[in-house]
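*Asks:* Input file: my_file08.pdb. Contents: PDB, C-alpha atoms, pLDDT in the B column.
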MODEL        1
ATOM      1  CA  ASN P  13     -16.868 -13.825 -86.588  1.00 45.00           C
ATOM      2  CA  SER P  14     -14.216 -11.452 -85.335  1.00 40.00           C
ATOM      3  CA  GLN P  15     -15.237  -8.103 -83.952  1.00 40.00           C
ATOM      4  CA  GLU P  16     -13.384  -4.848 -83.694  1.00 38.00           C
ATOM      5  CA  GLY P  17     -14.229  -1.353 -82.583  1.00 37.00           C
ATOM      6  CA  VAL P  18     -16.518   1.143 -84.243  1.00 37.00           C
ATOM      7  CA  PHE P  19     -14.832   4.403 -85.161  1.00 37.00           C
ATOM      8  CA  GLN P  20     -16.789   7.623 -84.938  1.00 41.00           C
ATOM      9  CA  ALA P  21     -14.824  10.641 -86.094  1.00 43.00           C
ATOM     10  CA  THR P  22     -15.752  14.064 -84.789  1.00 44.00           C
ATOM     11  CA  PHE P  23     -13.936  17.356 -85.127  1.00 41.00           C
ATOM     12  CA  SER P  24     -12.550  19.050 -82.061  1.00 38.00           C
ATOM     13  CA  GLY P  25     -12.164  22.803 -81.769  1.00 39.00           C
ATOM     14  CA  SER P  26      -8.393  22.660 -82.136  1.00 40.00           C
ATOM     15  CA  GLU P  27      -6.458  22.523 -85.351  1.00 42.00           C
ATOM     16  CA  SER P  28      -5.330  19.001 -84.570  1.00 42.00           C
ATOM     17  CA  GLY P  29      -8.146  17.810 -86.817  1.00 48.00           C
ATOM     18  CA  ALA P  30     -10.439  14.895 -86.128  1.00 49.00           C
ATOM     19  CA  ARG P  31     -10.775  13.104 -82.804  1.00 50.00           C
ATOM     20  CA  VAL P  32     -11.510   9.417 -83.218  1.00 50.00           C
ATOM     21  CA  GLN P  33     -13.633   7.729 -80.566  1.00 52.00           C
ATOM     22  CA  HIS P  34     -13.151   3.979 -80.184  1.00 49.00           C
ATOM     23  CA  THR P  35     -15.882   1.897 -78.565  1.00 49.00           C
ATOM     24  CA  SER P  36     -16.319  -1.838 -78.363  1.00 49.00           C
ATOM     25  CA  ALA P  37     -19.193  -2.785 -80.655  1.00 55.00           C
ATOM     26  CA  LYS P  38     -20.137  -4.490 -83.881  1.00 66.00           C
ATOM     27  CA  VAL P  39     -17.905  -3.867 -86.868  1.00 73.00           C
ATOM     28  CA  SER P  40     -18.830  -0.683 -88.746  1.00 81.00           C
ATOM     29  CA  PRO P  41     -16.878   1.407 -91.246  1.00 87.00           C
ATOM     30  CA  PRO P  42     -15.270   4.560 -89.822  1.00 95.00           C
ATOM     31  CA  LYS P  43     -17.602   7.471 -90.581  1.00 96.00           C
ATOM     32  CA  LEU P  44     -17.434  11.243 -90.459  1.00 96.00           C
ATOM     33  CA  THR P  45     -20.093  13.937 -90.850  1.00 97.00           C
ATOM     34  CA  VAL P  46     -18.821  17.433 -91.644  1.00 96.00           C
ATOM     35  CA  LYS P  47     -21.180  20.105 -90.331  1.00 95.00           C
ATOM     36  CA  SER P  48     -19.246  23.364 -90.719  1.00 95.00           C
ATOM     37  CA  MET P  49     -16.729  25.126 -92.951  1.00 95.00           C
ATOM     38  CA  SER P  50     -14.031  24.920 -90.259  1.00 94.00           C
ATOM     39  CA  GLU P  51     -14.450  21.157 -90.075  1.00 95.00           C
ATOM     40  CA  LEU P  52     -14.323  20.927 -93.861  1.00 96.00           C
ATOM     41  CA  ALA P  53     -10.992  22.770 -93.956  1.00 95.00           C
ATOM     42  CA  HIS P  54      -9.373  19.980 -91.868  1.00 95.00           C
ATOM     43  CA  ILE P  55     -10.921  17.080 -93.758  1.00 95.00           C
ATOM     44  CA  GLY P  56      -7.558  15.764 -94.970  1.00 94.00           C
ATOM     45  CA  GLN P  57      -6.564  14.900 -91.407  1.00 93.00           C
ATOM     46  CA  SER P  58      -9.206  12.144 -91.128  1.00 93.00           C
ATOM     47  CA  GLN P  59      -7.459   9.584 -93.267  1.00 94.00           C
ATOM     48  CA  ASP P  60      -9.004   6.537 -91.562  1.00 94.00           C
ATOM     49  CA  ILE P  61     -12.587   7.186 -92.627  1.00 97.00           C
ATOM     50  CA  GLU P  62     -14.469   5.126 -95.190  1.00 98.00           C
ATOM     51  CA  VAL P  63     -17.783   7.020 -95.225  1.00 98.00           C
ATOM     52  CA  LEU P  64     -17.940  10.821 -95.446  1.00 98.00           C
ATOM     53  CA  ASP P  65     -21.087  12.958 -95.301  1.00 97.00           C
ATOM     54  CA  ILE P  66     -20.736  16.697 -95.931  1.00 97.00           C
ATOM     55  CA  LEU P  67     -23.797  18.691 -94.972  1.00 94.00           C
ATOM     56  CA  CYS P  68     -25.252  21.005 -97.586  1.00 92.00           C
ATOM     57  CA  MET P  69     -23.701  24.416 -96.817  1.00 90.00           C
ATOM     58  CA  GLU P  70     -24.662  27.257 -99.118  1.00 84.00           C
ATOM     59  CA  GLN P  71     -21.429  29.152 -98.468  1.00 86.00           C
ATOM     60  CA  MET P  72     -19.343  26.161 -99.588  1.00 91.00           C
ATOM     61  CA  GLN P  73     -17.506  27.384-102.693  1.00 91.00           C
ATOM     62  CA  LYS P  74     -15.153  24.436-103.086  1.00 94.00           C
ATOM     63  CA  ILE P  75     -14.227  21.096-101.603  1.00 97.00           C
ATOM     64  CA  PRO P  76     -10.631  21.250-100.286  1.00 97.00           C
ATOM     65  CA  GLU P  77      -7.908  19.569-102.311  1.00 97.00           C
ATOM     66  CA  ASN P  78      -6.854  17.675 -99.196  1.00 97.00           C
ATOM     67  CA  ILE P  79      -9.875  15.407 -99.593  1.00 97.00           C
ATOM     68  CA  GLY P  80      -7.580  13.469-101.921  1.00 97.00           C
ATOM     69  CA  LYS P  81      -5.721  12.213 -98.836  1.00 97.00           C
ATOM     70  CA  LEU P  82      -8.675  10.050 -97.821  1.00 97.00           C
ATOM     71  CA  ARG P  83      -7.391   7.004 -99.688  1.00 96.00           C
ATOM     72  CA  ARG P  84      -9.634   4.573 -97.770  1.00 97.00           C
ATOM     73  CA  LEU P  85     -12.829   6.464 -98.568  1.00 98.00           C
ATOM     74  CA  LYS P  86     -15.561   4.306-100.098  1.00 98.00           C
ATOM     75  CA  VAL P  87     -18.631   6.560 -99.810  1.00 98.00           C
ATOM     76  CA  LEU P  88     -18.749  10.343-100.290  1.00 98.00           C
ATOM     77  CA  ARG P  89     -22.116  12.080 -99.943  1.00 98.00           C
ATOM     78  CA  ILE P  90     -23.165  15.714-100.294  1.00 96.00           C
ATOM     79  CA  ASN P  91     -26.947  15.427-100.256  1.00 94.00           C
ATOM     80  CA  CYS P  92     -28.910  18.682-100.301  1.00 92.00           C
ATOM     81  CA  GLY P  93     -32.292  16.959-100.259  1.00 85.00           C
ATOM     82  CA  ASN P  94     -35.172  18.897-101.798  1.00 78.00           C
ATOM     83  CA  GLY P  95     -34.545  22.316-100.280  1.00 74.00           C
ATOM     84  CA  GLY P  96     -30.849  23.176-100.135  1.00 78.00           C
ATOM     85  CA  ILE P  97     -28.693  24.694-102.857  1.00 78.00           C
ATOM     86  CA  THR P  98     -24.933  24.526-103.118  1.00 87.00           C
ATOM     87  CA  ASN P  99     -22.498  24.549-106.013  1.00 89.00           C
ATOM     88  CA  PRO P 100     -18.947  23.856-104.805  1.00 93.00           C
ATOM     89  CA  GLN P 101     -16.031  23.200-107.107  1.00 95.00           C
ATOM     90  CA  ILE P 102     -15.074  19.533-106.942  1.00 97.00           C
ATOM     91  CA  PRO P 103     -11.250  19.371-106.798  1.00 97.00           C
ATOM     92  CA  ASP P 104      -9.002  17.436-109.168  1.00 98.00           C
ATOM     93  CA  SER P 105      -7.741  15.473-106.168  1.00 98.00           C
ATOM     94  CA  ILE P 106     -11.016  13.538-106.061  1.00 98.00           C
ATOM     95  CA  GLY P 107      -9.465  11.314-108.714  1.00 98.00           C
ATOM     96  CA  LYS P 108      -7.069  10.001-106.040  1.00 97.00           C
ATOM     97  CA  LEU P 109      -9.901   8.322-104.128  1.00 98.00           C
ATOM     98  CA  SER P 110      -9.174   4.950-105.680  1.00 97.00           C
ATOM     99  CA  GLU P 111     -11.390   3.011-103.233  1.00 98.00           C
ATOM    100  CA  LEU P 112     -14.487   5.165-103.786  1.00 98.00           C
ATOM    101  CA  ARG P 113     -17.593   3.063-104.531  1.00 98.00           C
ATOM    102  CA  GLU P 114     -20.399   5.600-104.163  1.00 98.00           C
ATOM    103  CA  LEU P 115     -20.494   9.339-104.899  1.00 98.00           C
ATOM    104  CA  VAL P 116     -23.608  11.396-104.125  1.00 98.00           C
ATOM    105  CA  LEU P 117     -23.797  15.016-105.300  1.00 97.00           C
ATOM    106  CA  TYR P 118     -27.575  15.376-105.020  1.00 96.00           C
ATOM    107  CA  GLY P 119     -28.381  19.074-105.401  1.00 93.00           C
ATOM    108  CA  ALA P 120     -24.715  19.799-104.737  1.00 93.00           C
ATOM    109  CA  GLN P 121     -23.899  21.035-108.256  1.00 93.00           C
ATOM    110  CA  ASP P 122     -27.025  23.140-108.681  1.00 89.00           C
ATOM    111  CA  PRO P 123     -26.430  26.364-110.663  1.00 85.00           C
ATOM    112  CA  SER P 124     -29.926  27.740-110.117  1.00 77.00           C
ATOM    113  CA  GLU P 125     -30.505  30.954-108.243  1.00 62.00           C
ATOM    114  CA  GLY P 126     -29.779  30.855-104.544  1.00 54.00           C
ATOM    115  CA  HIS P 127     -29.038  33.069-101.607  1.00 45.00           C
ATOM    116  CA  GLY P 128     -25.852  35.061-101.991  1.00 44.00           C
ATOM    117  CA  VAL P 129     -23.205  34.630 -99.327  1.00 44.00           C
ATOM    118  CA  GLY P 130     -23.801  37.285 -96.706  1.00 45.00           C
ATOM    119  CA  SER P 131     -26.915  38.553 -98.454  1.00 43.00           C
ATOM    120  CA  PRO P 132     -30.052  39.370 -96.489  1.00 45.00           C
ATOM    121  CA  PRO P 133     -32.891  36.812 -96.539  1.00 46.00           C
ATOM    122  CA  GLY P 134     -35.008  37.010 -99.644  1.00 45.00           C
ATOM    123  CA  THR P 135     -32.190  38.146-101.946  1.00 44.00           C
ATOM    124  CA  TYR P 136     -30.791  35.834-104.613  1.00 45.00           C
ATOM    125  CA  ARG P 137     -27.902  35.532-107.015  1.00 53.00           C
ATOM    126  CA  SER P 138     -27.204  33.387-110.056  1.00 52.00           C
ATOM    127  CA  LEU P 139     -24.734  30.558-109.636  1.00 64.00           C
ATOM    128  CA  LYS P 140     -22.448  29.457-112.458  1.00 75.00           C
ATOM    129  CA  ARG P 141     -22.330  25.757-113.234  1.00 84.00           C
ATOM    130  CA  ARG P 142     -18.978  24.269-112.329  1.00 89.00           C
ATOM    131  CA  ALA P 143     -17.555  21.538-114.534  1.00 93.00           C
ATOM    132  CA  LEU P 144     -16.873  18.175-112.943  1.00 97.00           C
ATOM    133  CA  PRO P 145     -13.112  17.508-113.028  1.00 97.00           C
ATOM    134  CA  SER P 146     -11.792  15.140-115.681  1.00 97.00           C
ATOM    135  CA  SER P 147      -9.885  13.341-112.918  1.00 98.00           C
ATOM    136  CA  MET P 148     -13.164  11.655-111.947  1.00 98.00           C
ATOM    137  CA  ALA P 149     -12.465   9.283-114.834  1.00 97.00           C
ATOM    138  CA  SER P 150      -9.801   7.766-112.563  1.00 97.00           C
ATOM    139  CA  LEU P 151     -12.442   6.495-110.135  1.00 98.00           C
ATOM    140  CA  LYS P 152     -12.144   2.952-111.449  1.00 96.00           C
ATOM    141  CA  ASN P 153     -14.022   1.380-108.535  1.00 97.00           C
ATOM    142  CA  LEU P 154     -16.967   3.786-108.588  1.00 98.00           C
ATOM    143  CA  GLU P 155     -20.212   1.811-108.853  1.00 98.00           C
ATOM    144  CA  ARG P 156     -22.940   4.343-107.978  1.00 98.00           C
ATOM    145  CA  LEU P 157     -23.063   7.999-109.012  1.00 98.00           C
ATOM    146  CA  ASN P 158     -25.890  10.327-107.977  1.00 98.00           C
ATOM    147  CA  LEU P 159     -26.027  13.645-109.854  1.00 98.00           C
ATOM    148  CA  GLY P 160     -29.722  14.205-109.226  1.00 96.00           C
ATOM    149  CA  ARG P 161     -31.437  17.568-108.751  1.00 93.00           C
ATOM    150  CA  ASN P 162     -28.632  19.531-110.398  1.00 93.00           C
ATOM    151  CA  ARG P 163     -30.657  20.541-113.473  1.00 92.00           C
ATOM    152  CA  TYR P 164     -28.176  19.005-115.892  1.00 95.00           C
ATOM    153  CA  PRO P 165     -29.416  19.448-119.497  1.00 95.00           C
ATOM    154  CA  GLU P 166     -27.183  16.537-120.518  1.00 96.00           C
ATOM    155  CA  ILE P 167     -25.082  13.897-118.814  1.00 98.00           C
ATOM    156  CA  PRO P 168     -21.569  15.211-118.017  1.00 97.00           C
ATOM    157  CA  SER P 169     -19.023  13.724-120.408  1.00 95.00           C
ATOM    158  CA  VAL P 170     -16.740  12.431-117.628  1.00 97.00           C
ATOM    159  CA  VAL P 171     -19.433   9.848-116.807  1.00 97.00           C
ATOM    160  CA  PHE P 172     -18.691   8.056-120.079  1.00 96.00           C
ATOM    161  CA  ALA P 173     -15.155   7.296-118.837  1.00 95.00           C
ATOM    162  CA  MET P 174     -16.307   5.589-115.627  1.00 95.00           C
ATOM    163  CA  THR P 175     -15.720   1.983-116.610  1.00 93.00           C
ATOM    164  CA  ASN P 176     -17.092   0.315-113.455  1.00 96.00           C
ATOM    165  CA  LEU P 177     -20.265   2.392-113.086  1.00 97.00           C
ATOM    166  CA  GLN P 178     -23.367   0.299-112.375  1.00 98.00           C
ATOM    167  CA  GLU P 179     -25.994   2.839-111.324  1.00 98.00           C
ATOM    168  CA  LEU P 180     -26.446   6.448-112.467  1.00 98.00           C
ATOM    169  CA  ASP P 181     -29.003   8.725-110.820  1.00 98.00           C
ATOM    170  CA  MET P 182     -29.959  11.740-112.959  1.00 98.00           C
ATOM    171  CA  SER P 183     -33.307  12.427-111.294  1.00 96.00           C
ATOM    172  CA  TYR P 184     -34.736  15.943-111.462  1.00 93.00           C
ATOM    173  CA  SER P 185     -32.430  17.016-114.259  1.00 95.00           C
ATOM    174  CA  LYS P 186     -33.382  18.663-117.562  1.00 95.00           C
ATOM    175  CA  LEU P 187     -32.603  15.712-119.818  1.00 97.00           C
ATOM    176  CA  THR P 188     -34.501  15.269-123.058  1.00 97.00           C
ATOM    177  CA  ASP P 189     -32.564  12.238-124.312  1.00 98.00           C
ATOM    178  CA  LEU P 190     -29.802   9.771-123.427  1.00 98.00           C
ATOM    179  CA  PRO P 191     -26.524   9.651-125.388  1.00 97.00           C
ATOM    180  CA  ASN P 192     -25.492   6.488-127.189  1.00 95.00           C
ATOM    181  CA  GLU P 193     -22.138   6.558-125.362  1.00 95.00           C
ATOM    182  CA  LEU P 194     -23.887   4.972-122.383  1.00 95.00           C
ATOM    183  CA  ARG P 195     -24.169   1.739-124.357  1.00 92.00           C
ATOM    184  CA  ASN P 196     -20.380   1.457-124.122  1.00 89.00           C
ATOM    185  CA  ARG P 197     -20.518   1.062-120.335  1.00 90.00           C
ATOM    186  CA  PRO P 198     -20.835  -2.725-120.011  1.00 89.00           C
ATOM    187  CA  ARG P 199     -21.540  -2.742-116.266  1.00 96.00           C
ATOM    188  CA  LEU P 200     -24.132   0.044-116.287  1.00 97.00           C
ATOM    189  CA  SER P 201     -27.404  -1.647-115.368  1.00 98.00           C
ATOM    190  CA  ARG P 202     -29.662   1.142-114.056  1.00 98.00           C
ATOM    191  CA  ILE P 203     -30.334   4.814-114.810  1.00 98.00           C
ATOM    192  CA  ILE P 204     -32.775   6.751-112.611  1.00 98.00           C
ATOM    193  CA  LEU P 205     -34.629   9.417-114.585  1.00 97.00           C
ATOM    194  CA  ASN P 206     -37.596  10.441-112.442  1.00 94.00           C
ATOM    195  CA  GLY P 207     -38.412  14.131-112.703  1.00 93.00           C
ATOM    196  CA  ASN P 208     -36.968  14.509-116.213  1.00 96.00           C
ATOM    197  CA  TYR P 209     -40.390  15.392-117.532  1.00 94.00           C
ATOM    198  CA  ALA P 210     -39.422  15.634-121.206  1.00 95.00           C
ATOM    199  CA  ILE P 211     -38.788  11.887-120.894  1.00 96.00           C
ATOM    200  CA  THR P 212     -40.917  10.619-118.025  1.00 95.00           C
ATOM    201  CA  CYS P 213     -44.112  12.301-119.247  1.00 94.00           C
ATOM    202  CA  LYS P 214     -43.837  10.962-122.800  1.00 94.00           C
ATOM    203  CA  LEU P 215     -44.576   7.287-123.371  1.00 94.00           C
ATOM    204  CA  ASP P 216     -43.217   7.318-126.914  1.00 96.00           C
ATOM    205  CA  LYS P 217     -39.869   8.652-125.690  1.00 97.00           C
ATOM    206  CA  GLN P 218     -39.710   5.996-123.008  1.00 97.00           C
ATOM    207  CA  ALA P 219     -40.367   3.277-125.593  1.00 97.00           C
ATOM    208  CA  GLU P 220     -37.630   4.654-127.830  1.00 98.00           C
ATOM    209  CA  LEU P 221     -35.095   4.673-125.004  1.00 98.00           C
ATOM    210  CA  ARG P 222     -35.974   1.151-123.908  1.00 97.00           C
ATOM    211  CA  LYS P 223     -35.367  -0.025-127.466  1.00 97.00           C
ATOM    212  CA  ARG P 224     -32.015   1.771-127.695  1.00 97.00           C
ATOM    213  CA  PHE P 225     -30.809   0.619-124.248  1.00 97.00           C
ATOM    214  CA  PRO P 226     -32.210  -2.913-123.799  1.00 96.00           C
ATOM    215  CA  ALA P 227     -29.491  -3.942-121.319  1.00 95.00           C
ATOM    216  CA  ILE P 228     -30.127  -1.018-118.933  1.00 97.00           C
ATOM    217  CA  HIS P 229     -33.057  -0.722-116.551  1.00 97.00           C
ATOM    218  CA  LEU P 230     -34.446   2.787-117.064  1.00 98.00           C
ATOM    219  CA  ASP P 231     -36.420   4.063-114.100  1.00 97.00           C
ATOM    220  CA  PHE P 232     -39.033   6.527-115.400  1.00 95.00           C
ATOM    221  CA  THR P 233     -41.036   6.718-112.172  1.00 90.00           C
ATOM    222  CA  ASN P 234     -42.114  10.240-111.216  1.00 84.00           C
ATOM    223  CA  GLU P 235     -42.180  10.726-107.456  1.00 73.00           C
ATOM    224  CA  TYR P 236     -44.842  13.388-107.853  1.00 71.00           C
ATOM    225  CA  ASN P 237     -47.729  13.497-110.324  1.00 69.00           C
ATOM    226  CA  SER P 238     -46.279  16.422-112.270  1.00 75.00           C
ATOM    227  CA  CYS P 239     -46.971  15.418-115.869  1.00 87.00           C
ATOM    228  CA  TYR P 240     -50.260  17.291-116.109  1.00 75.00           C
ATOM    229  CA  ALA P 241     -48.554  20.579-115.230  1.00 78.00           C
ATOM    230  CA  TYR P 242     -45.694  19.817-117.633  1.00 82.00           C
ATOM    231  CA  LEU P 243     -47.969  18.900-120.543  1.00 81.00           C
ATOM    232  CA  ASN P 244     -50.455  21.705-119.839  1.00 80.00           C
ATOM    233  CA  PRO P 245     -48.420  24.812-119.069  1.00 81.00           C
ATOM    234  CA  PRO P 246     -50.371  27.943-118.139  1.00 81.00           C
ATOM    235  CA  LYS P 247     -51.375  30.080-121.082  1.00 78.00           C
ATOM    236  CA  ARG P 248     -49.834  33.518-121.361  1.00 71.00           C
TER     237      ARG P 248
ENDMDL
END
What is this file in structure tokens?
*Replies:*
Amino acid sequence: NSQEGVFQATFSGSESGARVQHTSAKVSPPKLTVKSMSELAHIGQSQDIEVLDILCMEQMQKIPENIGKLRRLKVLRINCGNGGITNPQIPDSIGKLSELRELVLYGAQDPSEGHGVGSPPGTYRSLKRRALPSSMASLKNLERLNLGRNRYPEIPSVVFAMTNLQELDMSYSKLTDLPNELRNRPRLSRIILNGNYAITCKLDKQAELRKRFPAIHLDFTNEYNSCYAYLNPPKR
């Protein structure tokens, strides 16, 4: 087995962009973690990377168009976990990432109320949902898409054009049903639905969906035991 260096990209303070550190070690894809808005602005200068993590930054209003220069990128993750909120505009240039295999936008398209930019702690503002760009249909190699914890009431229509998609994560959304268009995605084999309580707390709905989508594994597992609260809301 041949070996080559591991690339770890980190941003320097200058405008020259990313500094790539080369060390002799086991083969690993070049990775980059963006931790600040200034680093994000220079993202297009790191064209070697294959894995990109962008930390959840509330003040992030948009992802720069120059992300489309990362033609070797295979994994793009903006994961806000269970506590963060961000709602950046995804640029049209994302459709140029022809090698992309995995896209994670977990909590990164959340239009719920959050802290306003520059607002004092404890103050909130409403965020407007931003539409995913139609150019995402050009991601012909995309296999895994995570749109969880974004409170989607329905699956975004651009998903139906992703011909190579194998796994779709819609956990902690507001789904009440699944559209029949998903049956036209021949490679789609798994949909994660935990936390969509209008589905995961109703056995009859689960049975109906399994009958309609026999070729897709539907994951109805709820991470937390929340069905009692959903089915027994407090009386007013």
*Asks:* Translate the PyMOL selection byres ((chain P and resi 90-93) around 6), as applied to the file shown, into an explicit residue set as a ChimeraX atom specification.
*Replies:* /P:66,68,89,94-96,116-119
*Asks:* Select, from P:Pro100, P:Leu187, P:Arg199, P:Glu193, the residue with the minimum atom-to-atom distance to Thr175 (chain P), counting only C-alpha atoms.
*Replies:*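 That would be P:Arg199, the residue with the smallest distance to Thr175 (chain P).
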*Asks:* Can you work out which one of P:Ala53, P:Ala241, P:Leu177, P:Leu151 has the shortest atom-to-atom distance to Asn78 (chain P), counting only C-alpha atoms?
*Replies:*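 Looking at the shortest contact to Asn78 (chain P), the residue is P:Ala53.
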*Asks:* Show me, as a list in words, the residues that have an atom within 8 Å of region 169-173 of chain P when counting only C-alpha atoms, minus same-chain residues fewer than 5 positions from it.
*Replies:*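 Here the answer would be Leu144, Pro145, Ser146, Met148, Ala149, Glu193, Leu194, Asn196 and Arg197 of chain P.
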*Asks:* Hey, what's within 12 Å of region 102-105 of chain P if we count only C-alpha atoms and toss same-chain stuff fewer than 2 positions away? As an NGL selection string, please?
*Replies:* :P and (56 or 72-83 or 88 or 90 or 98-100 or 107-110 or 115 or 117 or 120-121 or 141-151)
*Asks:* Translate the PyMOL selection byres ((chain P and resi 206) around 8), as applied to the file shown, into an explicit residue set as a list in words.
*Replies:*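 For this structure, the PyMOL selection byres ((chain P and resi 206) around 8) captures Met182, Ser183, Tyr184, Ile204, Leu205, Gly207, Asn208, Tyr209, Thr212, Asp231, Phe232, Thr233, Asn234 and Glu235 of chain P.
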*Asks:* How many Å lie between CA of Pro168 (chain P) and CA of Val87 (chain P), rounded to one decimal?
*Replies:*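 Separating CA of Pro168 (chain P) from CA of Val87 (chain P) is a distance of 20.4 Å.
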*Asks:* Could you tell me, as a PyMOL selection string, which residues have any atom at most 10 Å from (-30.1, 0.0, -120.3), counting all atoms listed in the file?
*Replies:* chain P and resi 194-195+197-203+221-231
*Asks:* Any idea what's packed within 8 Å of Leu154 (chain P), counting all atoms listed in the file, ignoring anything in its chain fewer than 5 positions away? Could you give it as JSON, numbers by chain?
*Replies:* {"P": [111, 112, 113, 114, 115, 174, 176, 177]}
*Asks:* Return the single residue from P:Asp60, P:Glu51, P:Asp189, P:Asp181 that is closest to Pro165 (chain P), with distances computed using only C-alpha atoms.
*Replies:*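 The shortest atom-to-atom distance to Pro165 (chain P) comes from P:Asp189.
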*Asks:* So that all listed atoms of region 100-107 of chain P fit with 4 Å spare on each side, what axis-aligned box centre and edge lengths in Å, to one decimal, would you give as AutoDock Vina command-line options?
*Replies:*
--center_x -13.3 --center_y 17.6 --center_z -107.0 --size_x 19.2 --size_y 20.5 --size_z 12.4
*Asks:* As a list in words, please: the residues near Lys214 (chain P) (cut-off 10 Å, all atoms listed in the file, same-chain neighbours under 3 positions excluded).
*Replies:*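 So the residues in contact are Tyr209, Ala210, Ile211, Lys217, Gln218, Ala219, Phe232, Cys239 and Leu243 of chain P.
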*Asks:* Which residue is closest to Tyr164 (chain P)? Choose from P:Gln178, P:Ser238, P:Thr188, P:Lys152 and count all atoms listed in the file.
*Replies:* P:Thr188
